[in-house]
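The data block below is upload.csv; it holds CSV, C-alpha atoms and all ligand atoms.
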chain,number,residue,atom,x,y,z
A,42,MET,CA,76.1,-1.6,-61.8
A,43,SER,CA,77.1,-4.5,-59.6
A,44,ALA,CA,77.0,-4.3,-55.8
A,45,HIS,CA,80.8,-4.4,-55.9
A,46,ASP,CA,81.1,-1.5,-58.3
A,47,ALA,CA,78.6,0.6,-56.2
A,48,GLY,CA,80.8,0.0,-53.0
A,49,THR,CA,84.0,1.0,-54.8
A,50,LEU,CA,82.3,4.2,-56.1
A,51,ALA,CA,81.0,5.1,-52.6
A,52,ILE,CA,84.5,4.6,-51.1
A,53,SER,CA,86.1,6.8,-53.8
A,54,VAL,CA,83.4,9.5,-53.4
A,55,VAL,CA,84.0,9.5,-49.6
A,56,CYS,CA,87.8,9.7,-50.1
A,57,SER,CA,87.5,12.6,-52.6
A,58,ALA,CA,85.2,14.4,-50.2
A,59,VAL,CA,87.7,14.0,-47.3
A,60,PHE,CA,90.5,15.1,-49.6
A,61,VAL,CA,88.6,18.2,-50.7
A,62,ILE,CA,87.7,19.1,-47.0
A,63,LEU,CA,91.3,18.7,-46.0
A,64,MET,CA,92.5,20.9,-48.9
A,65,VAL,CA,89.9,23.6,-47.9
A,66,MET,CA,90.9,23.5,-44.3
A,67,GLY,CA,94.6,23.8,-45.2
A,68,ILE,CA,93.9,26.8,-47.5
A,69,LEU,CA,91.8,28.4,-44.8
A,70,GLY,CA,94.5,27.8,-42.2
A,71,VAL,CA,97.2,29.4,-44.2
A,72,TRP,CA,94.9,32.3,-45.0
A,73,SER,CA,94.0,32.9,-41.4
A,74,LEU,CA,97.7,32.9,-40.3
A,75,SER,CA,98.5,35.5,-43.0
A,76,LYS,CA,95.7,37.7,-41.7
A,77,ALA,CA,96.5,37.4,-38.0
A,78,THR,CA,96.5,40.7,-36.1
A,79,PRO,CA,100.0,41.7,-34.8
A,80,VAL,CA,100.3,41.1,-31.0
A,81,THR,CA,101.0,44.2,-29.2
A,82,ALA,CA,103.1,44.3,-26.1
A,83,ASN,CA,100.1,45.2,-24.0
A,84,GLU,CA,97.9,42.4,-25.1
A,85,ALA,CA,100.3,39.5,-24.9
A,86,PRO,CA,104.0,39.8,-24.4
A,87,ALA,CA,106.1,38.2,-27.0
A,88,PRO,CA,107.6,34.9,-25.9
A,89,GLU,CA,111.0,35.5,-24.4
A,90,ARG,CA,113.7,35.0,-26.8
A,91,THR,CA,117.3,34.3,-26.0
A,92,PRO,CA,119.2,37.5,-26.9
A,93,PRO,CA,121.6,37.0,-29.7
A,94,PRO,CA,125.2,36.7,-28.5
A,95,ARG,CA,126.7,40.2,-28.0
A,96,ARG,CA,129.9,41.3,-29.6
A,97,PRO,CA,132.5,42.7,-27.1
A,98,ALA,CA,131.9,46.3,-28.3
A,99,GLN,CA,128.2,45.9,-27.8
A,100,ARG,CA,128.9,44.5,-24.3
A,101,ARG,CA,131.0,47.6,-23.5
A,102,ARG,CA,128.2,49.8,-24.8
A,103,ASP,CA,125.7,48.0,-22.6
A,104,ARG,CA,127.9,48.8,-19.6
A,105,GLY,CA,127.9,52.4,-20.6
A,106,GLU,CA,131.4,52.3,-22.0
A,107,ILE,CA,132.3,53.8,-25.3
A,108,GLU,CA,133.0,51.8,-28.4
A,109,LEU,CA,136.6,52.0,-29.4
A,110,LEU,CA,137.4,53.9,-32.5
A,111,PRO,CA,139.8,52.5,-35.0
A,112,ALA,CA,143.4,54.0,-34.8
A,113,ASP,CA,143.0,55.9,-38.0
A,114,ALA,CA,139.7,57.6,-37.0
A,115,THR,CA,139.6,61.3,-36.1
A,116,VAL,CA,137.6,63.4,-33.7
A,117,THR,CA,136.7,67.1,-33.6
A,118,PHE,CA,136.2,69.0,-30.4
A,119,ALA,CA,133.2,70.8,-31.8
A,120,ALA,CA,131.5,67.4,-32.2
A,121,GLU,CA,132.7,66.3,-28.7
A,122,ARG,CA,131.3,69.5,-27.1
A,123,SER,CA,128.0,69.1,-28.8
A,124,ALA,CA,127.8,65.3,-27.9
A,125,ALA,CA,128.4,66.3,-24.3
A,126,ASP,CA,125.9,69.2,-24.6
A,127,ILE,CA,128.1,71.5,-22.5
A,128,ASP,CA,127.7,74.7,-24.5
A,129,ASP,CA,124.5,75.4,-22.6
A,130,VAL,CA,126.5,75.4,-19.4
A,131,PHE,CA,129.0,77.9,-20.7
A,132,ASP,CA,126.2,80.1,-22.2
A,133,ALA,CA,124.5,80.2,-18.8
A,134,LEU,CA,127.8,81.1,-17.1
A,135,ASP,CA,128.3,84.0,-19.5
A,136,ARG,CA,124.7,85.1,-19.4
A,137,ASP,CA,124.3,85.0,-15.6
A,138,LEU,CA,127.7,86.0,-14.3
A,139,ILE,CA,129.3,89.3,-15.1
A,140,GLY,CA,133.1,89.4,-15.3
A,141,LEU,CA,134.9,86.5,-13.6
A,142,VAL,CA,137.1,86.2,-16.7
A,143,PRO,CA,140.0,84.2,-15.1
A,144,VAL,CA,137.4,81.9,-13.4
A,145,LYS,CA,135.6,81.3,-16.7
A,146,ARG,CA,138.9,80.6,-18.5
A,147,LYS,CA,139.9,78.1,-15.8
A,148,ILE,CA,136.5,76.3,-16.2
A,149,GLN,CA,137.1,76.1,-20.0
A,150,GLU,CA,140.6,74.6,-19.3
A,151,ILE,CA,139.1,72.0,-17.0
A,152,ALA,CA,136.4,71.2,-19.6
A,153,ALA,CA,139.1,70.9,-22.3
A,154,LEU,CA,141.1,68.5,-20.1
A,155,LEU,CA,138.0,66.3,-19.7
A,156,LEU,CA,137.0,66.5,-23.4
A,157,VAL,CA,140.5,65.3,-24.4
A,158,ASP,CA,140.3,62.6,-21.7
A,159,ARG,CA,137.0,61.4,-23.2
A,160,ALA,CA,138.3,61.5,-26.7
A,161,ARG,CA,141.5,59.5,-25.7
A,162,ASN,CA,139.3,56.9,-24.0
A,163,LYS,CA,137.4,56.4,-27.3
A,164,PHE,CA,140.7,55.3,-28.8
A,165,GLY,CA,141.5,53.1,-25.9
A,166,LEU,CA,144.2,55.4,-24.5
A,167,SER,CA,143.6,54.8,-20.9
A,168,ALA,CA,144.9,57.0,-18.1
A,169,PRO,CA,143.8,57.4,-14.5
A,170,ARG,CA,140.7,59.6,-14.1
A,171,PRO,CA,141.8,63.2,-13.7
A,172,ASN,CA,141.7,64.5,-10.2
A,173,LEU,CA,138.8,67.0,-10.0
A,174,HIS,CA,138.8,68.2,-6.4
A,175,MET,CA,139.0,72.0,-6.3
A,176,CYS,CA,139.4,75.0,-4.1
A,177,PHE,CA,137.5,78.2,-4.7
A,178,THR,CA,139.0,81.2,-2.9
A,179,GLY,CA,137.6,84.7,-2.7
A,180,PRO,CA,135.7,87.2,-0.5
A,181,PRO,CA,132.0,86.8,0.2
A,182,GLY,CA,129.5,87.2,-2.6
A,183,THR,CA,131.9,86.7,-5.5
A,184,GLY,CA,130.0,83.8,-7.1
A,185,LYS,CA,131.8,80.8,-5.6
A,186,THR,CA,128.6,78.8,-4.7
A,187,THR,CA,127.0,79.8,-8.0
A,188,VAL,CA,130.0,78.6,-10.0
A,189,ALA,CA,130.2,75.4,-8.0
A,190,LEU,CA,126.6,74.6,-9.0
A,191,ARG,CA,127.5,75.1,-12.6
A,192,MET,CA,130.6,73.0,-12.2
A,193,GLY,CA,128.5,70.1,-10.9
A,194,GLU,CA,126.3,70.4,-14.0
A,195,LEU,CA,129.3,70.5,-16.3
A,196,LEU,CA,131.0,67.4,-14.7
A,197,HIS,CA,127.7,65.6,-14.9
A,198,ARG,CA,127.2,66.4,-18.6
A,199,LEU,CA,130.8,65.3,-19.4
A,200,GLY,CA,130.1,62.0,-17.6
A,201,TYR,CA,132.4,62.5,-14.6
A,202,LEU,CA,129.6,62.7,-12.1
A,203,GLU,CA,126.6,60.5,-12.0
A,204,LYS,CA,124.2,63.1,-10.7
A,205,GLY,CA,126.0,66.5,-10.5
A,206,HIS,CA,124.0,67.8,-7.6
A,207,LEU,CA,125.6,70.0,-5.0
A,208,VAL,CA,125.6,69.4,-1.2
A,209,HIS,CA,126.6,72.5,0.8
A,210,ALA,CA,128.2,71.9,4.1
A,211,MET,CA,129.9,73.9,6.8
A,212,ARG,CA,131.8,72.9,9.9
A,213,ASP,CA,128.6,72.4,12.0
A,214,ASP,CA,127.2,70.0,9.4
A,215,LEU,CA,130.2,67.7,9.8
A,216,VAL,CA,131.7,68.1,13.2
A,217,ALA,CA,129.7,66.7,16.2
A,218,GLU,CA,130.0,67.8,19.8
A,219,TYR,CA,130.6,64.4,21.5
A,220,ILE,CA,133.0,61.6,21.0
A,221,GLY,CA,131.9,59.0,18.4
A,222,GLN,CA,129.4,61.2,16.7
A,223,THR,CA,131.6,63.0,14.2
A,224,ALA,CA,132.3,60.1,11.9
A,225,PRO,CA,128.6,59.1,11.4
A,226,LYS,CA,127.6,62.8,11.0
A,227,THR,CA,130.3,63.3,8.3
A,228,LYS,CA,129.4,60.0,6.6
A,229,ARG,CA,125.7,61.0,6.3
A,230,VAL,CA,126.7,64.2,4.5
A,231,LEU,CA,129.1,62.3,2.3
A,232,ASP,CA,126.4,59.8,1.4
A,233,ARG,CA,124.1,62.6,0.3
A,234,ALA,CA,126.8,64.1,-1.8
A,235,MET,CA,127.8,60.9,-3.6
A,236,GLY,CA,127.5,61.3,-7.4
A,237,GLY,CA,127.8,65.0,-7.0
A,238,VAL,CA,129.8,67.9,-5.5
A,239,LEU,CA,130.4,68.3,-1.8
A,240,PHE,CA,130.9,72.0,-1.3
A,241,ILE,CA,132.6,72.8,2.0
A,242,ASP,CA,132.2,76.5,2.8
A,243,GLU,CA,134.9,78.1,5.1
A,244,ALA,CA,136.7,74.7,5.2
A,245,TYR,CA,139.5,76.1,7.4
A,246,TYR,CA,137.1,76.1,10.4
A,247,LEU,CA,137.4,72.3,10.3
A,248,TYR,CA,140.9,72.6,11.7
A,249,ARG,CA,141.5,74.1,15.1
A,250,GLY,CA,145.2,73.5,15.5
A,251,GLU,CA,146.1,72.8,19.1
A,252,ASP,CA,142.6,72.2,20.4
A,253,SER,CA,142.9,68.5,21.3
A,254,LYS,CA,139.2,68.2,22.1
A,255,ASP,CA,138.2,69.3,18.7
A,256,TYR,CA,136.8,66.6,16.3
A,257,GLY,CA,137.4,68.7,13.2
A,258,GLN,CA,140.6,66.8,12.5
A,259,GLU,CA,138.5,63.6,12.4
A,260,VAL,CA,136.5,65.1,9.5
A,261,VAL,CA,139.7,66.1,7.7
A,262,ASP,CA,141.0,62.6,8.0
A,263,ILE,CA,137.8,61.1,6.7
A,264,LEU,CA,137.7,63.6,3.8
A,265,LEU,CA,141.3,62.8,2.9
A,266,GLN,CA,140.4,59.1,2.6
A,267,VAL,CA,137.2,59.7,0.6
A,268,MET,CA,138.9,62.2,-1.7
A,269,GLU,CA,141.4,59.5,-2.6
A,270,ASN,CA,139.3,56.4,-2.6
A,271,GLU,CA,136.0,57.7,-4.0
A,272,ARG,CA,137.3,60.2,-6.5
A,273,ASP,CA,135.2,58.5,-9.2
A,274,LYS,CA,132.0,59.2,-7.4
A,275,LEU,CA,132.5,62.5,-5.6
A,276,VAL,CA,134.1,65.9,-6.3
A,277,VAL,CA,135.0,68.0,-3.2
A,278,ILE,CA,135.2,71.8,-3.5
A,279,LEU,CA,136.7,73.7,-0.5
A,280,ALA,CA,135.7,77.3,-0.4
A,281,GLY,CA,136.7,80.4,1.7
A,282,TYR,CA,139.0,83.4,2.0
A,283,LYS,CA,142.3,82.9,0.2
A,284,ASP,CA,144.7,83.7,3.1
A,285,ARG,CA,142.9,81.4,5.6
A,286,MET,CA,142.7,78.6,3.0
A,287,ASP,CA,146.5,78.9,2.4
A,288,GLU,CA,147.0,78.6,6.2
A,289,PHE,CA,144.7,75.6,6.3
A,290,PHE,CA,146.7,73.9,3.5
A,291,GLY,CA,149.9,74.8,5.3
A,292,SER,CA,148.8,72.8,8.3
A,293,ASN,CA,147.2,70.0,6.2
A,294,PRO,CA,149.6,69.2,3.4
A,295,GLY,CA,147.6,66.0,2.6
A,296,MET,CA,144.6,68.1,1.8
A,297,SER,CA,146.6,70.5,-0.3
A,298,SER,CA,148.0,67.6,-2.4
A,299,ARG,CA,144.5,66.3,-3.2
A,300,ILE,CA,143.3,69.6,-4.7
A,301,ALA,CA,143.9,69.7,-8.4
A,302,HIS,CA,142.4,73.0,-9.3
A,303,HIS,CA,142.5,76.4,-7.5
A,304,LEU,CA,140.1,79.0,-8.7
A,305,ASP,CA,140.5,82.5,-7.3
A,306,PHE,CA,137.4,84.8,-7.3
A,307,ALA,CA,138.5,88.4,-7.0
A,308,ALA,CA,136.4,91.1,-5.4
A,309,TYR,CA,134.4,93.0,-8.0
A,310,GLU,CA,135.3,96.5,-9.3
A,311,LEU,CA,132.7,99.2,-9.1
A,312,ASP,CA,131.7,99.0,-12.8
A,313,GLU,CA,131.3,95.2,-12.5
A,314,LEU,CA,129.0,95.7,-9.5
A,315,VAL,CA,126.9,98.2,-11.4
A,316,ASN,CA,126.7,95.8,-14.3
A,317,ILE,CA,125.7,93.0,-12.0
A,318,GLY,CA,123.0,95.2,-10.6
A,319,ARG,CA,121.8,96.0,-14.0
A,320,ARG,CA,121.7,92.3,-15.0
A,321,MET,CA,119.8,91.4,-11.8
A,322,MET,CA,117.2,94.1,-12.5
A,323,GLU,CA,116.8,93.0,-16.1
A,324,GLN,CA,116.2,89.4,-15.0
A,325,SER,CA,113.3,90.6,-12.8
A,326,ASN,CA,111.8,93.1,-15.3
A,327,TYR,CA,112.9,96.2,-13.4
A,328,TYR,CA,115.4,98.8,-14.4
A,329,LEU,CA,117.2,101.8,-12.9
A,330,SER,CA,116.5,105.2,-14.4
A,331,ALA,CA,119.7,107.0,-15.4
A,332,GLU,CA,119.6,109.1,-12.2
A,333,ALA,CA,118.9,106.0,-10.1
A,334,GLU,CA,122.0,104.3,-11.6
A,335,VAL,CA,124.1,107.3,-10.5
A,336,ALA,CA,122.6,107.1,-7.0
A,337,PHE,CA,123.2,103.3,-7.0
A,338,SER,CA,126.8,103.7,-8.1
A,339,GLU,CA,127.3,106.3,-5.2
A,340,TYR,CA,125.7,103.9,-2.8
A,341,LEU,CA,128.1,101.1,-3.9
A,342,THR,CA,131.2,103.3,-3.6
A,343,HIS,CA,130.2,104.1,-0.1
A,344,ARG,CA,129.3,100.5,0.8
A,345,MET,CA,132.5,99.0,-0.7
A,346,GLY,CA,134.6,100.6,1.9
A,347,GLN,CA,132.6,99.3,4.8
A,348,PRO,CA,133.0,96.1,6.8
A,349,ARG,CA,130.8,93.1,5.8
A,350,PHE,CA,130.5,94.2,2.3
A,351,ALA,CA,129.6,91.1,0.3
A,352,ASN,CA,130.1,92.0,-3.4
A,353,ALA,CA,127.3,90.7,-5.6
A,354,ARG,CA,125.3,89.6,-2.6
A,355,SER,CA,125.3,93.2,-1.3
A,356,VAL,CA,124.1,94.3,-4.7
A,357,ARG,CA,121.3,91.8,-4.6
A,358,ASN,CA,120.3,92.8,-1.1
A,359,GLU,CA,120.3,96.6,-1.9
A,360,LEU,CA,118.2,96.0,-5.0
A,361,ASP,CA,115.7,94.0,-3.0
A,362,ARG,CA,115.5,96.9,-0.6
A,363,ALA,CA,115.1,99.3,-3.5
A,364,ARG,CA,112.1,97.2,-4.8
A,365,LEU,CA,110.5,97.5,-1.3
A,366,ARG,CA,110.9,101.3,-1.4
A,367,HIS,CA,109.6,101.5,-4.9
A,368,ALA,CA,106.6,99.4,-4.0
A,369,HIS,CA,105.9,101.6,-1.0
A,370,ARG,CA,106.3,104.8,-3.0
A,371,LEU,CA,103.7,103.6,-5.6
A,372,ALA,CA,101.3,101.8,-3.3
A,373,THR,CA,100.9,104.6,-0.8
A,374,GLU,CA,99.6,107.0,-3.5
A,375,LEU,CA,96.2,105.3,-3.6
A,376,ASP,CA,94.5,107.4,-6.3
A,377,ARG,CA,97.4,108.1,-8.6
A,378,SER,CA,97.6,106.1,-11.9
A,379,TRP,CA,100.8,104.2,-12.6
A,380,ASN,CA,101.6,102.7,-16.0
A,381,ARG,CA,103.7,99.7,-17.0
A,382,ASP,CA,106.9,101.7,-17.1
A,383,ASP,CA,106.3,103.1,-13.6
A,384,LEU,CA,106.0,99.6,-12.3
A,385,MET,CA,109.4,98.7,-13.7
A,386,ARG,CA,111.4,101.9,-13.1
A,387,ILE,CA,113.5,102.4,-9.9
A,388,GLU,CA,114.1,106.0,-9.1
A,389,PRO,CA,116.8,107.7,-7.0
A,390,ALA,CA,114.3,108.0,-4.1
A,391,ASP,CA,114.3,104.2,-4.0
A,392,VAL,CA,118.0,104.0,-3.6
A,393,VAL,CA,119.0,105.4,-0.3
A,394,ILE,CA,122.5,106.1,0.9
A,395,ARG,CA,122.9,105.5,4.6
A,396,ALA,CA,125.7,107.2,6.4
B,1,LIG,N1,129.6,87.8,-11.5
B,1,LIG,C1,128.3,87.8,-11.1
B,1,LIG,N2,127.3,88.2,-11.9
B,1,LIG,C2,126.0,88.2,-11.5
B,1,LIG,N3,125.6,87.8,-10.3
B,1,LIG,C3,126.5,87.4,-9.5
B,1,LIG,C4,127.9,87.3,-9.8
B,1,LIG,N4,128.6,86.8,-8.7
B,1,LIG,C5,127.7,86.5,-7.8
B,1,LIG,N5,126.5,86.8,-8.2
B,1,LIG,C6,125.2,86.7,-7.4
B,1,LIG,O1,125.5,87.1,-6.1
B,1,LIG,C7,124.9,86.2,-5.2
B,1,LIG,C8,126.0,85.6,-4.3
B,1,LIG,O2,126.7,84.7,-5.0
B,1,LIG,P1,127.4,83.4,-4.4
B,1,LIG,O3,126.4,82.9,-3.3
B,1,LIG,O4,127.7,82.5,-5.5
B,1,LIG,O5,128.7,84.0,-3.8
B,1,LIG,P2,129.7,83.2,-2.8
B,1,LIG,O6,131.1,83.6,-3.3
B,1,LIG,O7,129.4,81.8,-2.7
B,1,LIG,O8,129.5,84.0,-1.4
B,1,LIG,P3,129.9,83.5,0.1
B,1,LIG,O9,131.3,83.4,0.1
B,1,LIG,O10,129.3,84.6,1.0
B,1,LIG,O11,129.2,82.2,0.3
B,1,LIG,C9,124.1,85.2,-6.0
B,1,LIG,O12,122.8,85.7,-6.0
B,1,LIG,C10,124.8,85.3,-7.3
B,1,LIG,O13,123.9,84.9,-8.3
B,2,MG,MG,128.8,80.7,-1.0
Please lay out the structure from this file as structure tokens.
Ligand SMILES: Nc1ncnc2c1ncn2[C@@H]1O[C@H](COP(=O)(O)OP(=O)(O)OP(=O)(O)O)[C@@H](O)[C@H]1O
Ligand SMILES: [Mg+2]
Amino acid sequence: MSAHDAGTLAISVVCSAVFVILMVMGILGVWSLSKATPVTANEAPAPERTPPPRRPAQRRRDRGEIELLPADATVTFAAERSAADIDDVFDALDRDLIGLVPVKRKIQEIAALLLVDRARNKFGLSAPRPNLHMCFTGPPGTGKTTVALRMGELLHRLGYLEKGHLVHAMRDDLVAEYIGQTAPKTKRVLDRAMGGVLFIDEAYYLYRGEDSKDYGQEVVDILLQVMENERDKLVVILAGYKDRMDEFFGSNPGMSSRIAHHLDFAAYELDELVNIGRRMMEQSNYYLSAEAEVAFSEYLTHRMGQPRFANARSVRNELDRARLRHAHRLATELDRSWNRDDLMRIEPADVVIRA
């Protein structure tokens, strides 16, 4: 082999070796890529990608709006109710509150109005948001505050209130004693209530007619404005005795015209009060013996005719006192054995009729 041939052979060997090495590296590269461990979000965030352009419906969904249904679509209200998850609220209303049939019917009507409003929105049938300010009238202890709490929950589930909480206020929480302090005081309460229900108990005390030094009228004026301008964010419920509330509306027609729903809570009949007592006892794992129920019924008959009788609240208070007497009756007999039933059973001796 000549020197020239040897040089050519050496060059071709080197070139082939380089070629083989490059091939092997290439194959190894592809192999290692295919075996790469997936990158988890914790280890290394994926490089930011520009989101794909969003279709108008998707943008509406992002803003919390509902995608429009085609004109030939259909809805059922069973599906609407279950989507809003409101049956729980009605179950709790039925379970916890005895009677109140007209009030419960009215709440179903309000829910129906809102369900239909939601369904119409899905078809793009827009209408102003229904006015939801309410007035609950009735004597003390008839369930007004309890129903207002449930109403907040219902309106939240239906999407008409962002939070659905309840802020309870009376005249003293809103009206200040000195000039310039009432507006900020009222605004603080309103700020706390935004997204929920502002429940104003005995609302008629806000208005003191001829008293020119009273700042209650300032509160009424602020409320009138907020009830109109912030009705998407706040539901106001005014509560109190019916006749006084009617008087209040008589002297504040602006307020009357802003209330869309009036719910009247009637005083309970004797059998309803007894049932309420039975339910309260069940909920705390007590019960009235048959004789104790008779004694309790007599107690209520006597109490219903007295001033300051507060319906279901009086029932609750008397049952609390009965529990005290029951506890005392058992705990003072130190050496006597009591069984599970004894610890649950209220006897006539625990229910006392005071003259
Ligand atoms: N129908 C009912 N069934 C069972 N419990 C009831 C019923 N109505 C009221 N209660 C109970 O009675 C108590 C008083 O009710 P609530 O505070 O809602 O009455 P209210 O009308 O707001 O009274 P007030 O006017 O004095 O503020 C609560 O413990 C509530 O759970
Ligand atoms: Mg109340």
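Proximity to ligand LIG 1 (chain B) was assessed for A:Val208, A:Val188, A:Val157, A:Leu247 counting all atoms listed in the file; the smallest distance is recorded for A:Val188.
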Spatial neighbours of stretch 257-274 of chain A, max dist 10 Å, all atoms listed in the file, sep filter under 5 positions, as a ChimeraX atom specification: /A:170-174,201-205,212-213,215-218,223-224,226-228,231,234-238,244-250,252,293,295-300
Go through chain A residue by residue and, counting only C-alpha atoms and all ligand atoms, keep those with an atom at most 6 Å from ligand LIG 1 (chain B); for each kept residue give the shortest atom pair and its distance in Å to one decimal, ordered by chain and increasing number, as CSV.
residue,atom,partner,partner_atom,distance
A:Asp137,CA,B:LIG1,C2,5.5
A:Leu138,CA,B:LIG1,N2,3.3
A:Ile139,CA,B:LIG1,N1,3.9
A:Gly140,CA,B:LIG1,N1,5.4
A:Leu141,CA,B:LIG1,N1,5.8
A:Pro180,CA,B:LIG1,O9,5.8
A:Pro181,CA,B:LIG1,O9,3.5
A:Gly182,CA,B:LIG1,O8,3.4
A:Thr183,CA,B:LIG1,O6,3.9
A:Gly184,CA,B:LIG1,O4,3.1
A:Lys185,CA,B:LIG1,O6,3.7
A:Thr186,CA,B:LIG1,O7,3.7
A:Thr187,CA,B:LIG1,O4,3.7
A:Ile317,CA,B:LIG1,C2,4.8
A:Ala353,CA,B:LIG1,O1,4.1
A:Arg354,CA,B:LIG1,C7,4.3
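Taking atom CA of A:Arg136 and atom CA of A:Leu275 as the two end points, the separation is 27.6 Å.
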Of the listed residues A:Glu374, A:Glu388, A:Glu243, A:Asp382, that which approaches A:Asp287 most closely, counting all atoms listed in the file: A:Glu243
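Here atom CA of A:Gly318 and atom CA of A:Asp135 stand 15.3 Å from one another.
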A:Ile148 surroundings by all atoms listed in the file, 9 Å radius, close-in-sequence under 6 positions cut, as a PyMOL selection string: chain A and resi 131+192+304
Resulting file, chosen residues, C-alpha atoms, as a CSV table (one decimal), in the frame of the given file:
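Output file out-v9.csv follows:
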chain,number,residue,atom,x,y,z
A,131,PHE,CA,129.0,77.9,-20.7
A,192,MET,CA,130.6,73.0,-12.2
A,304,LEU,CA,140.1,79.0,-8.7
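You will find atom CA of A:Leu166 at 14.2 Å from atom CA of A:Leu154.
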Minimum-distance residue to ligand MG 2 (chain B), chosen among A:Gly221, A:Gly200, A:Gly291, A:Gly179 (using only C-alpha atoms and all ligand atoms): A:Gly179
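Using all atoms listed in the file, the shortest contact distance between A:Val142 and any of A:His369, A:Asp128, A:Asp305, A:Thr342 is found at A:Asp305.
Between ligand MG 2 (chain B) and the candidates A:His209, A:Lys163, A:His343, A:Arg364, the tightest atom-to-atom separation, counting only C-alpha atoms and all ligand atoms, involves A:His209.
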Counting all atoms listed in the file, the option among A:Glu339, A:Asp242, A:Glu332, A:Glu359 closest to ligand MG 2 (chain B): A:Asp242
